[in-house]
>>> print(open('coords_39.cif').read())   # mmCIF, C-alpha atoms
data_protein
loop_
_atom_site.label_atom_id
_atom_site.label_comp_id
_atom_site.auth_asym_id
_atom_site.auth_seq_id
_atom_site.Cartn_x
_atom_site.Cartn_y
_atom_site.Cartn_z
CA MET A 289 97.99 126.87 104.63
CA PRO A 290 97.53 123.98 107.12
CA ALA A 291 94.10 123.26 105.61
CA LEU A 292 95.61 123.12 102.12
CA ILE A 293 98.37 120.74 103.28
CA LEU A 294 95.75 118.47 104.90
CA ILE A 295 93.67 118.47 101.71
CA VAL A 296 96.73 117.52 99.66
CA PHE A 297 97.55 114.69 102.09
CA ILE A 298 94.01 113.25 101.97
CA ASP A 299 93.95 113.43 98.17
CA LEU A 300 97.40 111.83 97.81
CA LEU A 301 96.44 109.10 100.27
CA GLY A 302 93.72 108.09 97.82
CA PHE A 303 96.21 108.18 94.94
CA GLY A 304 98.58 105.90 96.85
CA ILE A 305 95.81 103.39 97.60
CA ILE A 306 95.42 102.72 93.87
CA ILE A 307 99.10 101.98 93.18
CA PRO A 308 99.30 98.31 94.34
CA LEU A 309 96.23 97.13 92.45
CA LEU A 310 96.81 98.69 89.00
CA PRO A 311 99.06 95.98 87.47
CA PHE A 312 96.79 93.19 88.75
CA TYR A 313 93.66 95.07 87.66
CA ALA A 314 95.04 95.34 84.12
CA GLU A 315 95.96 91.64 84.09
CA HIS A 316 92.40 90.88 85.23
CA PHE A 317 91.28 92.23 81.85
CA GLY A 318 93.90 90.17 80.00
CA ALA A 319 96.62 92.83 79.62
CA GLY A 320 100.20 91.71 79.02
CA PRO A 321 103.34 93.39 80.39
CA ALA A 322 103.42 96.03 77.62
CA LEU A 323 99.84 97.18 78.30
CA VAL A 324 100.42 97.08 82.06
CA THR A 325 103.36 99.49 81.74
CA MET A 326 101.31 101.67 79.37
CA LEU A 327 98.57 101.89 82.00
CA MET A 328 101.13 103.01 84.55
CA ALA A 329 102.61 105.56 82.11
CA ILE A 330 99.38 107.11 80.78
CA TYR A 331 98.79 108.91 84.09
CA SER A 332 102.12 110.74 83.80
CA LEU A 333 101.58 111.33 80.07
CA THR A 334 98.25 113.11 80.55
CA GLN A 335 99.58 114.99 83.59
CA PHE A 336 102.52 116.15 81.43
CA ALA A 337 100.09 117.65 78.92
CA ALA A 338 97.63 119.12 81.43
CA ALA A 339 99.76 120.55 84.26
CA PRO A 340 100.79 123.88 82.64
CA ILE A 341 97.23 124.44 81.38
CA ILE A 342 95.61 123.75 84.75
CA GLY A 343 98.23 125.92 86.46
CA ALA A 344 97.45 128.75 84.04
CA LEU A 345 93.71 128.29 84.66
CA SER A 346 94.34 128.69 88.40
CA ASP A 347 96.14 131.98 87.66
CA ARG A 348 93.16 133.17 85.64
CA TYR A 349 90.17 131.90 87.62
CA GLY A 350 91.57 131.29 91.10
CA ARG A 351 93.28 128.45 92.97
CA ARG A 352 90.22 127.46 94.99
CA LYS A 353 87.95 126.86 91.99
CA VAL A 354 90.54 124.80 90.14
CA ILE A 355 91.48 122.71 93.18
CA LEU A 356 87.84 121.98 94.07
CA LEU A 357 86.87 121.09 90.50
CA SER A 358 89.86 118.79 90.14
CA LEU A 359 89.10 117.04 93.46
CA ALA A 360 85.51 116.43 92.36
CA GLY A 361 86.73 115.17 88.99
CA THR A 362 89.31 112.90 90.65
CA ALA A 363 86.55 111.32 92.76
CA GLY A 364 84.67 110.67 89.51
CA ALA A 365 87.76 109.11 87.90
CA TYR A 366 88.11 106.71 90.85
CA LEU A 367 84.44 105.77 90.61
CA LEU A 368 84.91 105.05 86.91
CA MET A 369 87.87 102.86 87.82
CA ALA A 370 85.88 100.99 90.50
CA PHE A 371 83.17 100.06 88.00
CA ALA A 372 85.38 99.60 84.94
CA GLY A 373 84.04 96.80 82.78
CA SER A 374 86.91 96.67 80.33
CA LEU A 375 90.59 97.49 79.92
CA ALA A 376 89.66 100.48 77.73
CA MET A 377 87.51 101.95 80.51
CA LEU A 378 90.37 101.42 82.97
CA PHE A 379 92.68 103.36 80.64
CA VAL A 380 90.13 106.18 80.34
CA ALA A 381 89.80 106.39 84.13
CA ARG A 382 93.56 106.47 84.61
CA ALA A 383 94.06 109.09 81.88
CA LEU A 384 91.35 111.30 83.41
CA ALA A 385 93.00 111.01 86.83
CA GLY A 386 96.30 112.11 85.26
CA VAL A 387 94.72 115.17 83.65
CA LEU A 388 93.19 116.21 86.96
CA ALA A 389 96.48 115.63 88.80
CA GLY A 390 97.57 118.89 87.24
CA ASN A 391 95.94 120.46 90.29
CA ILE A 392 99.26 119.85 92.06
CA ALA A 393 100.56 122.95 90.28
CA ALA A 394 97.53 124.94 91.48
CA ALA A 395 98.08 123.77 95.07
CA GLN A 396 101.77 124.69 94.92
CA ALA A 397 100.86 128.08 93.47
CA ALA A 398 98.46 128.61 96.39
CA ILE A 399 101.33 127.88 98.78
CA ALA A 400 103.43 130.43 96.89
CA ASP A 401 100.59 132.96 97.28
CA LEU A 402 100.38 132.33 101.03
CA THR A 403 104.10 132.43 101.89
CA GLU A 404 106.72 135.15 101.88
CA PRO A 405 109.66 134.45 99.52
CA LYS A 406 111.97 133.72 102.46
CA ASP A 407 109.55 131.04 103.72
CA ARG A 408 108.71 129.62 100.29
CA ALA A 409 110.97 126.57 100.58
CA ARG A 410 109.46 125.69 103.97
CA GLY A 411 105.96 125.82 102.47
CA MET A 412 107.05 123.65 99.54
CA GLY A 413 108.73 121.30 102.01
CA LEU A 414 105.50 120.86 103.97
CA PHE A 415 103.72 120.19 100.67
CA GLY A 416 106.36 117.59 99.80
CA ALA A 417 106.04 115.99 103.24
CA ALA A 418 102.26 115.65 102.79
CA PHE A 419 102.89 114.21 99.33
CA GLY A 420 105.41 111.72 100.74
CA LEU A 421 103.21 110.62 103.64
CA GLY A 422 100.40 109.94 101.19
CA PHE A 423 102.74 107.66 99.25
CA ILE A 424 103.84 105.88 102.45
CA PHE A 425 100.43 105.09 103.93
CA GLY A 426 98.38 104.90 100.72
CA PRO A 427 100.03 101.79 99.24
CA LEU A 428 99.96 100.07 102.64
CA ILE A 429 96.19 100.64 102.87
CA GLY A 430 95.73 99.72 99.23
CA GLY A 431 97.61 96.45 99.67
CA VAL A 432 95.41 95.48 102.62
CA LEU A 433 92.21 96.40 100.78
CA THR A 434 93.19 94.60 97.56
CA GLY A 435 94.23 91.37 99.31
CA ALA A 436 97.25 89.10 99.09
CA ASP A 437 95.97 86.70 96.41
CA PRO A 438 95.94 88.20 92.88
CA ALA A 439 93.41 85.58 91.79
CA ALA A 440 90.92 86.75 94.43
CA ALA A 441 91.85 90.44 94.55
CA ASP A 442 89.24 93.05 95.38
CA PHE A 443 89.49 95.60 92.58
CA GLN A 444 86.44 97.63 93.60
CA THR A 445 86.95 98.56 97.24
CA PRO A 446 90.29 100.45 96.89
CA PRO A 447 89.02 102.81 94.14
CA LEU A 448 85.82 103.38 96.11
CA VAL A 449 87.86 104.28 99.21
CA ALA A 450 90.06 106.56 97.07
CA ALA A 451 86.94 108.23 95.65
CA GLY A 452 85.65 108.72 99.19
CA LEU A 453 88.92 110.36 100.22
CA SER A 454 88.81 112.74 97.23
CA ALA A 455 85.21 113.55 98.12
CA LEU A 456 86.29 114.18 101.73
CA ALA A 457 89.07 116.47 100.50
CA PHE A 458 86.52 118.28 98.30
CA GLY A 459 84.16 118.76 101.24
CA LEU A 460 86.95 120.00 103.46
CA GLY A 461 88.12 122.39 100.75
CA LEU A 462 84.60 123.68 100.20
CA ALA A 463 84.29 124.40 103.92
CA VAL A 464 87.68 125.86 104.84
CA LEU A 465 89.71 126.64 101.70
CA ARG A 466 89.84 130.32 100.82
CA GLU A 467 91.01 131.87 97.58
CA SER A 468 94.69 132.75 97.97
CA ARG A 469 94.71 135.36 95.18
CA PRO A 470 93.10 138.78 95.65
CA PRO A 471 90.32 139.72 93.18
CA GLY A 472 92.49 142.44 91.67
CA ALA A 473 95.15 139.89 90.72
CA LEU A 474 92.57 137.68 89.01
CA ALA A 475 91.22 140.65 87.06
CA SER A 476 94.73 141.58 85.96
CA VAL A 477 95.45 138.07 84.69
CA ALA A 478 92.08 137.94 82.90
CA ARG A 479 93.23 140.82 80.68
CA ARG A 480 96.34 138.93 79.56
CA ARG A 481 96.76 136.10 77.09
CA TRP A 482 96.16 133.13 79.34
CA LEU A 483 99.25 131.16 78.27
CA ALA A 484 101.53 134.22 78.35
CA PRO A 485 103.19 133.15 81.64
CA VAL A 486 104.04 129.74 80.14
CA LEU A 487 105.67 131.35 77.11
CA GLY A 488 107.45 133.90 79.28
CA ALA A 489 108.86 131.25 81.58
CA VAL A 490 110.27 129.01 78.84
CA ARG A 491 112.05 132.01 77.27
CA ARG A 492 114.03 132.84 80.44
CA PRO A 493 117.49 131.20 80.66
CA ASP A 494 117.45 130.93 84.46
CA MET A 495 114.02 129.28 84.42
CA ARG A 496 115.08 126.85 81.72
CA LEU A 497 118.14 125.94 83.79
CA LEU A 498 116.04 125.34 86.91
CA VAL A 499 113.53 123.17 85.05
CA ALA A 500 116.41 121.24 83.46
CA VAL A 501 117.96 120.54 86.88
CA PHE A 502 114.55 119.50 88.21
CA PHE A 503 114.01 117.22 85.20
CA LEU A 504 117.39 115.48 85.65
CA VAL A 505 116.77 114.95 89.38
CA MET A 506 113.34 113.44 88.68
CA LEU A 507 114.69 111.38 85.76
CA ALA A 508 117.36 109.73 87.91
CA PHE A 509 114.99 109.18 90.84
CA ALA A 510 112.22 107.73 88.64
CA GLY A 511 114.72 105.26 87.18
CA LEU A 512 115.70 104.22 90.71
CA GLU A 513 112.08 103.69 91.76
CA ALA A 514 111.35 101.60 88.67
CA THR A 515 114.34 99.24 88.97
CA PHE A 516 115.08 99.02 92.69
CA ALA A 517 112.83 96.00 93.36
CA LEU A 518 114.53 94.08 90.55
CA TRP A 519 117.97 95.16 91.82
CA ALA A 520 117.17 94.12 95.41
CA GLU A 521 115.87 90.75 94.23
CA ARG A 522 119.17 90.02 92.47
CA GLN A 523 121.44 91.67 95.03
CA PHE A 524 119.84 90.39 98.27
CA ALA A 525 117.22 87.84 97.12
CA TRP A 526 114.50 90.15 98.49
CA GLY A 527 110.79 89.90 97.79
CA PRO A 528 108.02 92.52 97.80
CA ARG A 529 107.73 92.86 101.59
CA PRO A 530 111.31 93.99 102.41
CA VAL A 531 111.30 96.25 99.34
CA GLY A 532 108.08 97.83 100.62
CA TYR A 533 109.61 98.33 104.05
CA LEU A 534 112.65 100.02 102.51
CA PHE A 535 110.53 102.37 100.42
CA ALA A 536 108.61 103.27 103.58
CA TYR A 537 112.00 104.03 105.24
CA VAL A 538 112.89 106.29 102.32
CA GLY A 539 109.51 108.02 102.50
CA VAL A 540 109.79 108.68 106.23
CA ILE A 541 113.27 110.23 105.89
CA ALA A 542 112.21 112.39 102.94
CA ALA A 543 109.09 113.55 104.80
CA LEU A 544 111.11 114.44 107.92
CA VAL A 545 113.66 116.40 105.88
CA GLN A 546 110.98 118.27 103.92
CA GLY A 547 108.75 118.88 106.91
CA ALA A 548 111.31 119.81 109.57
CA LEU A 549 114.72 120.69 108.11
CA ILE A 550 114.16 122.45 104.81
CA GLY A 551 112.83 125.70 106.35
CA PRO A 552 115.73 126.36 108.77
CA LEU A 553 118.33 125.27 106.20
CA THR A 554 117.05 127.52 103.40
CA ARG A 555 116.73 130.51 105.73
CA ARG A 556 120.34 130.04 106.82
CA TYR A 557 122.01 129.03 103.56
CA GLY A 558 119.57 129.95 100.77
CA GLU A 559 117.64 127.72 98.37
CA GLU A 560 120.49 127.54 95.85
CA ARG A 561 122.99 126.05 98.32
CA VAL A 562 120.40 123.66 99.76
CA MET A 563 119.50 122.51 96.25
CA LEU A 564 123.17 121.89 95.46
CA ALA A 565 123.65 119.98 98.73
CA GLY A 566 120.60 117.85 97.92
CA VAL A 567 121.90 117.00 94.45
CA GLY A 568 125.29 116.17 95.99
CA ALA A 569 123.67 113.80 98.51
CA LEU A 570 121.76 112.14 95.65
CA ILE A 571 125.02 111.59 93.75
CA GLY A 572 126.54 110.00 96.85
CA GLY A 573 123.55 107.69 97.28
CA PHE A 574 123.59 106.60 93.63
CA MET A 575 127.32 105.87 93.83
CA LEU A 576 127.05 103.90 97.08
CA LEU A 577 124.04 101.82 96.07
CA PRO A 578 125.77 99.46 93.56
CA ALA A 579 128.47 98.71 96.13
CA ALA A 580 126.01 97.82 98.91
CA THR A 581 126.62 94.27 100.12
CA GLY A 582 124.78 94.41 103.46
CA LEU A 583 121.78 96.03 105.08
CA ALA A 584 123.76 98.70 106.97
CA HIS A 585 125.50 99.87 103.79
CA LEU A 586 122.18 99.86 101.94
CA LEU A 587 120.45 101.92 104.64
CA VAL A 588 123.17 104.57 104.43
CA ALA A 589 122.85 104.77 100.64
CA MET A 590 119.06 105.03 100.80
CA ALA A 591 119.24 107.65 103.57
CA LEU A 592 121.44 109.79 101.30
CA LEU A 593 118.99 109.32 98.45
CA ALA A 594 115.97 110.16 100.61
CA GLY A 595 117.64 113.12 102.31
CA GLY A 596 119.02 114.45 99.04
CA PHE A 597 115.64 114.30 97.36
CA GLY A 598 114.02 115.85 100.44
CA LEU A 599 116.40 118.82 100.16
CA ALA A 600 116.54 119.27 96.38
CA ASN A 601 112.84 118.92 95.56
CA PRO A 602 111.33 121.72 97.71
CA ALA A 603 114.35 123.98 97.14
CA LEU A 604 113.88 123.67 93.38
CA HIS A 605 110.15 124.35 93.63
CA ALA A 606 110.83 127.40 95.80
CA LEU A 607 113.40 128.75 93.34
CA ILE A 608 111.06 128.23 90.38
CA SER A 609 108.26 129.95 92.28
CA ARG A 610 110.43 132.90 93.37
CA ARG A 611 111.60 133.52 89.81
CA ALA A 612 108.10 133.25 88.34
CA ASP A 613 105.97 136.19 87.32
CA ALA A 614 103.73 137.03 90.30
CA GLU A 615 100.71 136.66 88.02
CA GLY A 616 101.89 133.36 86.52
CA GLN A 617 102.77 131.17 89.50
CA GLY A 618 100.37 128.40 88.52
CA ALA A 619 101.49 128.26 84.89
CA THR A 620 105.19 128.27 85.79
CA LEU A 621 104.87 125.61 88.47
CA GLY A 622 102.79 123.66 85.96
CA ILE A 623 105.79 123.66 83.62
CA ALA A 624 107.89 122.16 86.43
CA GLN A 625 105.25 119.48 87.08
CA SER A 626 105.09 118.78 83.37
CA GLY A 627 108.85 118.22 83.34
CA ALA A 628 108.54 115.88 86.33
CA SER A 629 105.80 113.92 84.57
CA LEU A 630 107.96 113.57 81.46
CA ALA A 631 110.81 112.31 83.66
CA ARG A 632 108.49 109.70 85.20
CA ILE A 633 107.69 108.47 81.68
CA VAL A 634 111.22 108.44 80.26
CA GLY A 635 113.12 107.47 83.42
CA PRO A 636 111.59 104.02 84.03
CA VAL A 637 111.73 103.08 80.34
CA CYS A 638 115.41 104.03 79.95
CA ALA A 639 116.45 102.58 83.31
CA GLY A 640 114.71 99.30 82.52
CA ALA A 641 116.41 99.08 79.12
CA VAL A 642 119.84 99.77 80.68
CA PHE A 643 119.14 97.23 83.45
CA ALA A 644 118.30 94.54 80.88
CA ALA A 645 121.17 95.33 78.50
CA TRP A 646 124.10 96.16 80.81
CA GLY A 647 123.26 94.76 84.23
CA ARG A 648 121.62 95.73 87.48
CA HIS A 649 124.16 98.34 88.66
CA TRP A 650 124.30 100.45 85.51
CA PRO A 651 121.04 102.42 85.95
CA TYR A 652 122.52 103.88 89.15
CA VAL A 653 125.91 104.62 87.58
CA ILE A 654 124.14 106.50 84.78
CA GLY A 655 121.85 108.14 87.35
CA ALA A 656 124.93 109.48 89.17
CA LEU A 657 126.26 110.88 85.86
CA LEU A 658 122.92 112.59 85.12
CA LEU A 659 122.95 114.11 88.59
CA ALA A 660 126.53 115.31 88.07
CA ILE A 661 125.23 117.26 85.06
CA ALA A 662 122.42 118.60 87.25
CA ALA A 663 125.02 119.61 89.86
CA THR A 664 126.85 121.77 87.30
CA GLY A 665 123.59 123.62 86.63
CA ALA A 666 122.95 123.94 90.36
CA TRP A 667 126.46 125.34 90.86
CA ARG A 668 125.82 127.98 88.19
CA LEU A 669 122.75 129.08 90.16
CA VAL A 670 124.79 129.19 93.39
CA ARG A 671 127.44 131.34 91.70
CA ALA A 672 124.74 133.68 90.37
CA ARG A 673 123.38 133.98 93.94
CA LEU A 674 126.86 134.62 95.41
CA ALA A 675 127.83 137.29 92.86
CA PRO A 676 125.61 140.11 94.23
CA GLU A 677 126.46 139.09 97.83
CA GLN A 678 130.16 139.49 97.09
#
>>> encode(input="coords_39.cif", output="structure tokens")
Amino acid sequence: MPALILIVFIDLLGFGIIIPLLPFYAEHFGAGPALVTMLMAIYSLTQFAAAPIIGALSDRYGRRKVILLSLAGTAGAYLLMAFAGSLAMLFVARALAGVLAGNIAAAQAAIADLTEPKDRARGMGLFGAAFGLGFIFGPLIGGVLTGADPAAADFQTPPLVAAGLSALAFGLGLAVLRESRPPGALASVARRRWLAPVLGAVRRPDMRLLVAVFFLVMLAFAGLEATFALWAERQFAWGPRPVGYLFAYVGVIAALVQGALIGPLTRRYGEERVMLAGVGALIGGFMLLPAATGLAHLLVAMALLAGGFGLANPALHALISRRADAEGQGATLGIAQSGASLARIVGPVCAGAVFAAWGRHWPYVIGALLLAIAATGAWRLVRARLAPEQ
């Protein structure tokens, strides 16, 4: 599993490098604000469509093959981006990268294969920590490589570096990554309808409830990410640099929680209680944020948000994995990733509309209400867990 976590980190580092240059790259080709936001959204849109399919393919043909093919394809998508000669080619490159990002479900399914159920949340937490660290360091590297002046930005070097990182992850995977599913399991899945696990998962009430809670958590958090810079500019007169520092602070806390705390907490209290505690911390952070008038208050609110997300996210993934058919881990986790991708599309759009229409604090008030709904679903899962214990 350590090799898989390292591969995920290297790949996500490349993804993070691209983030700072995308809006400026689109403007370089004459795109207006609407097309810029569409370029940002198309990645999540294609990932939404592809994640369950790629997860199901990993159930059928093996995690290793799917992960390696997607890493090679991702390197190709970054090369296409580096040499894009038009806005249309940039959109194609970004859409292709989104399709191949469905390998996240395959990587999570491999972690599920390699961990005992009682250690599943810890494995998902380490995955989340690698994911978070990629998002912390990637944009910092990307900002340096792109340059400070949009008029003289280097749009070729960051995608080339990202392609090199995906190629490095591919080479590392080719050398050290082993198939996590035994041949007998692959043969058994091959005899089934290949989307049967997807259909089976969406028919189960407990799985639908888990995916709904996950979707609401991601919806609220995506709205926060999309509007926070605008909120901080109006609340504290901040520019990009302090906002970047604060997001790095959030990423470090979330990575520490997912990497160090989630395992001991879930073994002691169970994934359901940890998930509920995480959603509760998120509600507290969303409620405190509009009232923040100074840095200390803001840091407390953001620590609650980071810690809450760091608890809820891996606990939810572990619960979805534990309830999945043993032969359909990839497909089921793909459904969860698809829900997260949909939240990353809808959340920013809705939060931006609320911000513009009602004011800067309202996206976080509504986010707290959405999370309160998620908390009721989480409580139902806690009660279901407590019933057999009692």
>>> residues_around(input="coords_39.cif", residues="Met563 (chain A)", least_positions_apart="2", cutoff="8 Å", atoms="only C-alpha atoms", output="NGL selection string")
:A and (559-561 or 565-567 or 599-601 or 603-604 or 666)
>>> atom_distance(input="coords_39.cif", atom1="CA of Gly568 (chain A)", atom2="CA of Arg668 (chain A)")
14.2 Å
>>> closest_residue(input="coords_39.cif", among="A:Leu414, A:Glu513, A:Pro493, A:Gly364", to="Phe458 (chain A)", atoms="only C-alpha atoms")
A:Gly364
>>> atom_distance(input="coords_39.cif", atom1="CA of Met369 (chain A)", atom2="CA of Gln335 (chain A)")
17.4 Å
>>> closest_residue(input="coords_39.cif", among="A:Gly416, A:Gly318, A:Gly350, A:Gly635", to="Phe503 (chain A)", atoms="only C-alpha atoms")
A:Gly635
>>> resolve_selection(input="coords_39.cif", expression="the PyMOL selection byres ((chain A and resi 573) around 12)", output="PyMOL selection string")
chain A and resi 508-509+512+538+566-572+574-580+585-597+652-653+655-656+659
>>> atom_distance(input="coords_39.cif", atom1="CA of Thr664 (chain A)", atom2="CA of Gln625 (chain A)")
21.7 Å
>>> residues_around(input="coords_39.cif", residues="Leu549 (chain A)", least_positions_apart="2", cutoff="12 Å", atoms="only C-alpha atoms", output="list in words")
Ala409, Arg410, Gly411, Met412, Gly413, Leu414, Ala417, Ile541, Ala542, Ala543, Leu544, Val545, Gln546, Gly547, Gly551, Pro552, Leu553, Thr554, Arg555, Arg556, Tyr557, Val562, Gly595, Gly596, Gly598, Leu599, Ala600, Pro602 and Ala603 of chain A
>>> resolve_selection(input="coords_39.cif", expression="the PyMOL selection byres ((chain A and resi 392) around 12)", output="PDB file with C-alpha atoms, in the frame of the given file")
ATOM      1  CA  LEU A 292      95.610 123.120 102.120  1.00  0.00           C
ATOM      2  CA  ILE A 293      98.370 120.740 103.280  1.00  0.00           C
ATOM      3  CA  ILE A 295      93.670 118.470 101.710  1.00  0.00           C
ATOM      4  CA  VAL A 296      96.730 117.520  99.660  1.00  0.00           C
ATOM      5  CA  PHE A 297      97.550 114.690 102.090  1.00  0.00           C
ATOM      6  CA  ASP A 299      93.950 113.430  98.170  1.00  0.00           C
ATOM      7  CA  LEU A 300      97.400 111.830  97.810  1.00  0.00           C
ATOM      8  CA  GLN A 335      99.580 114.990  83.590  1.00  0.00           C
ATOM      9  CA  PHE A 336     102.520 116.150  81.430  1.00  0.00           C
ATOM     10  CA  ALA A 338      97.630 119.120  81.430  1.00  0.00           C
ATOM     11  CA  ALA A 339      99.760 120.550  84.260  1.00  0.00           C
ATOM     12  CA  PRO A 340     100.790 123.880  82.640  1.00  0.00           C
ATOM     13  CA  ILE A 341      97.230 124.440  81.380  1.00  0.00           C
ATOM     14  CA  ILE A 342      95.610 123.750  84.750  1.00  0.00           C
ATOM     15  CA  GLY A 343      98.230 125.920  86.460  1.00  0.00           C
ATOM     16  CA  SER A 346      94.340 128.690  88.400  1.00  0.00           C
ATOM     17  CA  ARG A 351      93.280 128.450  92.970  1.00  0.00           C
ATOM     18  CA  VAL A 354      90.540 124.800  90.140  1.00  0.00           C
ATOM     19  CA  ILE A 355      91.480 122.710  93.180  1.00  0.00           C
ATOM     20  CA  LEU A 356      87.840 121.980  94.070  1.00  0.00           C
ATOM     21  CA  SER A 358      89.860 118.790  90.140  1.00  0.00           C
ATOM     22  CA  LEU A 359      89.100 117.040  93.460  1.00  0.00           C
ATOM     23  CA  GLY A 386      96.300 112.110  85.260  1.00  0.00           C
ATOM     24  CA  VAL A 387      94.720 115.170  83.650  1.00  0.00           C
ATOM     25  CA  LEU A 388      93.190 116.210  86.960  1.00  0.00           C
ATOM     26  CA  ALA A 389      96.480 115.630  88.800  1.00  0.00           C
ATOM     27  CA  GLY A 390      97.570 118.890  87.240  1.00  0.00           C
ATOM     28  CA  ASN A 391      95.940 120.460  90.290  1.00  0.00           C
ATOM     29  CA  ALA A 393     100.560 122.950  90.280  1.00  0.00           C
ATOM     30  CA  ALA A 394      97.530 124.940  91.480  1.00  0.00           C
ATOM     31  CA  ALA A 395      98.080 123.770  95.070  1.00  0.00           C
ATOM     32  CA  GLN A 396     101.770 124.690  94.920  1.00  0.00           C
ATOM     33  CA  ALA A 397     100.860 128.080  93.470  1.00  0.00           C
ATOM     34  CA  ALA A 398      98.460 128.610  96.390  1.00  0.00           C
ATOM     35  CA  ILE A 399     101.330 127.880  98.780  1.00  0.00           C
ATOM     36  CA  MET A 412     107.050 123.650  99.540  1.00  0.00           C
ATOM     37  CA  PHE A 415     103.720 120.190 100.670  1.00  0.00           C
ATOM     38  CA  GLY A 416     106.360 117.590  99.800  1.00  0.00           C
ATOM     39  CA  ALA A 418     102.260 115.650 102.790  1.00  0.00           C
ATOM     40  CA  PHE A 419     102.890 114.210  99.330  1.00  0.00           C
ATOM     41  CA  HIS A 605     110.150 124.350  93.630  1.00  0.00           C
ATOM     42  CA  GLY A 618     100.370 128.400  88.520  1.00  0.00           C
ATOM     43  CA  ALA A 619     101.490 128.260  84.890  1.00  0.00           C
ATOM     44  CA  LEU A 621     104.870 125.610  88.470  1.00  0.00           C
ATOM     45  CA  GLY A 622     102.790 123.660  85.960  1.00  0.00           C
ATOM     46  CA  ILE A 623     105.790 123.660  83.620  1.00  0.00           C
ATOM     47  CA  ALA A 624     107.890 122.160  86.430  1.00  0.00           C
ATOM     48  CA  GLN A 625     105.250 119.480  87.080  1.00  0.00           C
ATOM     49  CA  SER A 626     105.090 118.780  83.370  1.00  0.00           C
ATOM     50  CA  ALA A 628     108.540 115.880  86.330  1.00  0.00           C
ATOM     51  CA  SER A 629     105.800 113.920  84.570  1.00  0.00           C
TER      52      SER A 629
END
>>> resolve_selection(input="coords_39.cif", expression="the PyMOL selection byres ((chain A and resi 305) around 10)", output="list in words")
Leu300, Leu301, Gly302, Phe303, Gly304, Ile306, Ile307, Pro308, Leu309, Leu310, Gly422, Phe423, Ile424, Phe425, Gly426, Pro427, Leu428, Ile429, Gly430, Gly431, Val432, Leu433, Thr434, Pro446, Pro447, Val449 and Ala450 of chain A
>>> closest_residue(input="coords_39.cif", among="A:Ala525, A:Gly452, A:Val670, A:Ala514", to="Ala639 (chain A)", atoms="only C-alpha atoms")
A:Ala514
>>> closest_residue(input="coords_39.cif", among="A:Ala381, A:Ala291, A:Ala631, A:Ala660", to="Met506 (chain A)", atoms="only C-alpha atoms")
A:Ala631
>>> closest_residue(input="coords_39.cif", among="A:Gly558, A:Pro311, A:Gly435, A:Gly527", to="Pro405 (chain A)", atoms="all atoms listed in the file")
A:Gly558
>>> closest_residue(input="coords_39.cif", among="A:Asp407, A:Asp401, A:Glu315, A:Glu521", to="Ser468 (chain A)", atoms="only C-alpha atoms")
A:Asp401
